[in-house]
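One structure is given here, and the rest of the page talks about it.
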Amino acid sequence: LFYAYPLYRNVDLSLRSYTLRSFIDGTAPFVGLQNYLDVIRSTTFTPALINTAVFTGVSILFQFSIGMALAVFFFRNFRLAATLRALFLVPWLLPLLVSASIWAWMLNSESGIVNAVIEGLGLHQINWLTSPQWALVSVIIANIWIGIPFNLVILYSGLQGIPSDLYEAAALDGANGWQTFWRVTFPLLRPVSAITILLGLVYTLKVFDIIWIMTRGGPVDASTTFAIWSYRLGFGGESPDLSPAAAVGNLLIVVALVFGLIYIRVQQRVVRS
């Protein structure tokens, strides 16, 4: 009930034509799939879809790859490994409001430290947050930085579950580090990797705070994702479009559900094999 009722209300919102008045007195007329059709026909749909796909795909790719590299690196017991590993958790522990504000300051065109370094190298400054070409790149960089610690923690835990005997056997067989990773570490980490990517996907699809604080989805729709678009429709104007906002939100839920079902299907095949 705790999960089902909010979902039911969101579906109901998307199937009716709600205004603020009808939302309060409950007299919104039933319109079926009209809100979904209006959303798909909107000029914002295509850029929002592309931005959501790029933002999610690139973020997960780099978060997972860098998280995996750091997990393998820290798995080797060396002095200060625990201290350095703890420092890498800082981005994950900071509130998203703080992290996004830090990146907005660092990438500020006039006073940001990133442009200061670029100018120090004799290059032209980049309008990170106000250029249509760079706005999406900026929020992706910030999101990658925030998500790396999560991948590091989960994958490092998975590495601890791999028997050390397998590494000893690989060493006796003459395998180098790269061969050991691809033939021992990576195959045995597949279950952990799958759940890490799935959780990362679900989280990244609904990212709102980072984008809203840094670019507000702009300029124009250059960094607008489905999450940002849904918020704009529901709360970003003088006359909230609650029903289309709910429809966009439901599209995100469907995408996350599809990937969740794919994950379950893949896991079932792995267990059977």
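Every chain in the structure tokens takes a letter, A first, then B, and so on in the order presented; its residues are numbered from 1, and the ligands are numbered from 1 following the presented order.
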
Near Val202 in chain A, within 10 Å and counting only C-alpha atoms, which residues show up once chain neighbours fewer than 3 positions away are dropped, as a list of chain:residue names?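 After dropping sequence-adjacent residues, the list is A:Thr56, A:Ile197, A:Leu198, A:Leu199, A:Leu205, A:Lys206, A:Val207, A:Leu252, A:Ile253, A:Val255, A:Ala256, A:Leu257, A:Phe259, A:Gly260.
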
Go ahead and write the residues just picked, all heavy atoms, as a JSON list (two decimals), in the first residue's frame.
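That gives us again-v9.json:
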[["chain", "number", "residue", "atom", "x", "y", "z"],
["A", 56, "THR", "N", 22.10, 9.59, -18.98],
["A", 56, "THR", "CA", 22.10, 8.32, -18.26],
["A", 56, "THR", "C", 23.20, 7.40, -18.75],
["A", 56, "THR", "O", 23.96, 6.84, -17.95],
["A", 56, "THR", "CB", 20.73, 7.62, -18.41],
["A", 56, "THR", "OG1", 19.69, 8.50, -17.96],
["A", 56, "THR", "CG2", 20.69, 6.33, -17.60],
["A", 197, "ILE", "N", 24.89, -1.56, -12.01],
["A", 197, "ILE", "CA", 24.46, -0.81, -13.19],
["A", 197, "ILE", "C", 22.96, -0.54, -13.14],
["A", 197, "ILE", "O", 22.50, 0.56, -13.48],
["A", 197, "ILE", "CB", 24.83, -1.59, -14.47],
["A", 197, "ILE", "CG1", 26.36, -1.62, -14.64],
["A", 197, "ILE", "CG2", 24.18, -0.95, -15.70],
["A", 197, "ILE", "CD1", 26.83, -2.48, -15.79],
["A", 198, "LEU", "N", 22.19, -1.53, -12.68],
["A", 198, "LEU", "CA", 20.74, -1.34, -12.60],
["A", 198, "LEU", "C", 20.38, -0.24, -11.61],
["A", 198, "LEU", "O", 19.57, 0.65, -11.92],
["A", 198, "LEU", "CB", 20.07, -2.66, -12.18],
["A", 198, "LEU", "CG", 18.55, -2.57, -11.96],
["A", 198, "LEU", "CD1", 17.85, -2.21, -13.25],
["A", 198, "LEU", "CD2", 18.01, -3.88, -11.39],
["A", 199, "LEU", "N", 20.98, -0.29, -10.42],
["A", 199, "LEU", "CA", 20.71, 0.75, -9.42],
["A", 199, "LEU", "C", 21.17, 2.12, -9.92],
["A", 199, "LEU", "O", 20.50, 3.13, -9.70],
["A", 199, "LEU", "CB", 21.39, 0.40, -8.11],
["A", 199, "LEU", "CG", 20.86, -0.83, -7.37],
["A", 199, "LEU", "CD1", 21.69, -1.13, -6.14],
["A", 199, "LEU", "CD2", 19.39, -0.62, -6.98],
["A", 205, "LEU", "N", 18.26, 8.05, -13.98],
["A", 205, "LEU", "CA", 17.06, 8.45, -14.72],
["A", 205, "LEU", "C", 16.28, 9.54, -13.99],
["A", 205, "LEU", "O", 15.68, 10.42, -14.62],
["A", 205, "LEU", "CB", 16.14, 7.23, -14.94],
["A", 205, "LEU", "CG", 16.52, 6.28, -16.07],
["A", 205, "LEU", "CD1", 15.62, 5.05, -16.03],
["A", 205, "LEU", "CD2", 16.40, 6.97, -17.43],
["A", 206, "LYS", "N", 16.29, 9.49, -12.67],
["A", 206, "LYS", "CA", 15.48, 10.44, -11.90],
["A", 206, "LYS", "C", 16.29, 11.60, -11.33],
["A", 206, "LYS", "O", 15.77, 12.36, -10.49],
["A", 206, "LYS", "CB", 14.76, 9.71, -10.77],
["A", 206, "LYS", "CG", 15.66, 9.12, -9.71],
["A", 206, "LYS", "CD", 14.86, 8.36, -8.66],
["A", 206, "LYS", "CE", 15.73, 7.83, -7.55],
["A", 206, "LYS", "NZ", 16.36, 8.90, -6.76],
["A", 207, "VAL", "N", 17.53, 11.78, -11.75],
["A", 207, "VAL", "CA", 18.34, 12.88, -11.24],
["A", 207, "VAL", "C", 17.68, 14.21, -11.57],
["A", 207, "VAL", "O", 17.37, 14.50, -12.75],
["A", 207, "VAL", "CB", 19.77, 12.83, -11.83],
["A", 207, "VAL", "CG1", 20.49, 14.16, -11.59],
["A", 207, "VAL", "CG2", 20.55, 11.69, -11.22],
["A", 252, "LEU", "N", 9.16, 7.70, -17.20],
["A", 252, "LEU", "CA", 10.40, 7.35, -16.50],
["A", 252, "LEU", "C", 10.24, 6.06, -15.72],
["A", 252, "LEU", "O", 11.13, 5.20, -15.70],
["A", 252, "LEU", "CB", 10.81, 8.47, -15.56],
["A", 252, "LEU", "CG", 11.57, 9.66, -16.15],
["A", 252, "LEU", "CD1", 11.84, 10.70, -15.08],
["A", 252, "LEU", "CD2", 12.87, 9.20, -16.78],
["A", 253, "ILE", "N", 9.09, 5.89, -15.06],
["A", 253, "ILE", "CA", 8.83, 4.68, -14.29],
["A", 253, "ILE", "C", 8.82, 3.46, -15.20],
["A", 253, "ILE", "O", 9.37, 2.40, -14.86],
["A", 253, "ILE", "CB", 7.50, 4.81, -13.53],
["A", 253, "ILE", "CG1", 7.60, 5.89, -12.46],
["A", 253, "ILE", "CG2", 7.12, 3.47, -12.90],
["A", 253, "ILE", "CD1", 6.30, 6.19, -11.76],
["A", 255, "VAL", "N", 10.36, 3.08, -18.11],
["A", 255, "VAL", "CA", 11.72, 2.79, -18.56],
["A", 255, "VAL", "C", 12.49, 2.04, -17.47],
["A", 255, "VAL", "O", 13.16, 1.03, -17.74],
["A", 255, "VAL", "CB", 12.45, 4.09, -18.93],
["A", 255, "VAL", "CG1", 13.93, 3.81, -19.21],
["A", 255, "VAL", "CG2", 11.80, 4.73, -20.16],
["A", 256, "ALA", "N", 12.40, 2.52, -16.23],
["A", 256, "ALA", "CA", 13.09, 1.86, -15.12],
["A", 256, "ALA", "C", 12.56, 0.45, -14.91],
["A", 256, "ALA", "O", 13.32, -0.49, -14.65],
["A", 256, "ALA", "CB", 12.93, 2.68, -13.85],
["A", 257, "LEU", "N", 11.24, 0.27, -15.05],
["A", 257, "LEU", "CA", 10.63, -1.04, -14.88],
["A", 257, "LEU", "C", 11.10, -2.01, -15.96],
["A", 257, "LEU", "O", 11.39, -3.18, -15.67],
["A", 257, "LEU", "CB", 9.11, -0.92, -14.92],
["A", 257, "LEU", "CG", 8.30, -2.21, -14.74],
["A", 257, "LEU", "CD1", 8.58, -2.83, -13.39],
["A", 257, "LEU", "CD2", 6.80, -1.93, -14.91],
["A", 259, "PHE", "N", 13.96, -2.00, -17.62],
["A", 259, "PHE", "CA", 15.33, -2.42, -17.34],
["A", 259, "PHE", "C", 15.39, -3.34, -16.13],
["A", 259, "PHE", "O", 16.22, -4.25, -16.07],
["A", 259, "PHE", "CB", 16.23, -1.20, -17.13],
["A", 259, "PHE", "CG", 16.69, -0.57, -18.40],
["A", 259, "PHE", "CD1", 16.04, 0.54, -18.91],
["A", 259, "PHE", "CD2", 17.77, -1.09, -19.10],
["A", 259, "PHE", "CE1", 16.45, 1.13, -20.10],
["A", 259, "PHE", "CE2", 18.20, -0.52, -20.28],
["A", 259, "PHE", "CZ", 17.53, 0.59, -20.79],
["A", 260, "GLY", "N", 14.51, -3.12, -15.15],
["A", 260, "GLY", "CA", 14.45, -4.03, -14.01],
["A", 260, "GLY", "C", 14.03, -5.43, -14.41],
["A", 260, "GLY", "O", 14.59, -6.43, -13.95]]

Determine which residues of range 42-204 of chain A DSSP labels as helix (DSSP H, G or I) from the backbone of this structure, then write them out as a PyMOL selection string. chain A and resi 45-75+81-87+90-93+96-106+113-120+135-160+164-172+177-188+190-204

List as an MDAnalysis selection string the protein and nucleic acid residues near range 136-151 of chain A, meaning an atom at most 6 Å away when only C-alpha atoms are counted, but skip any in the same chain fewer than 5 places from it. chainID A and resid 55 59 63:64 67 89 91:92 211 223
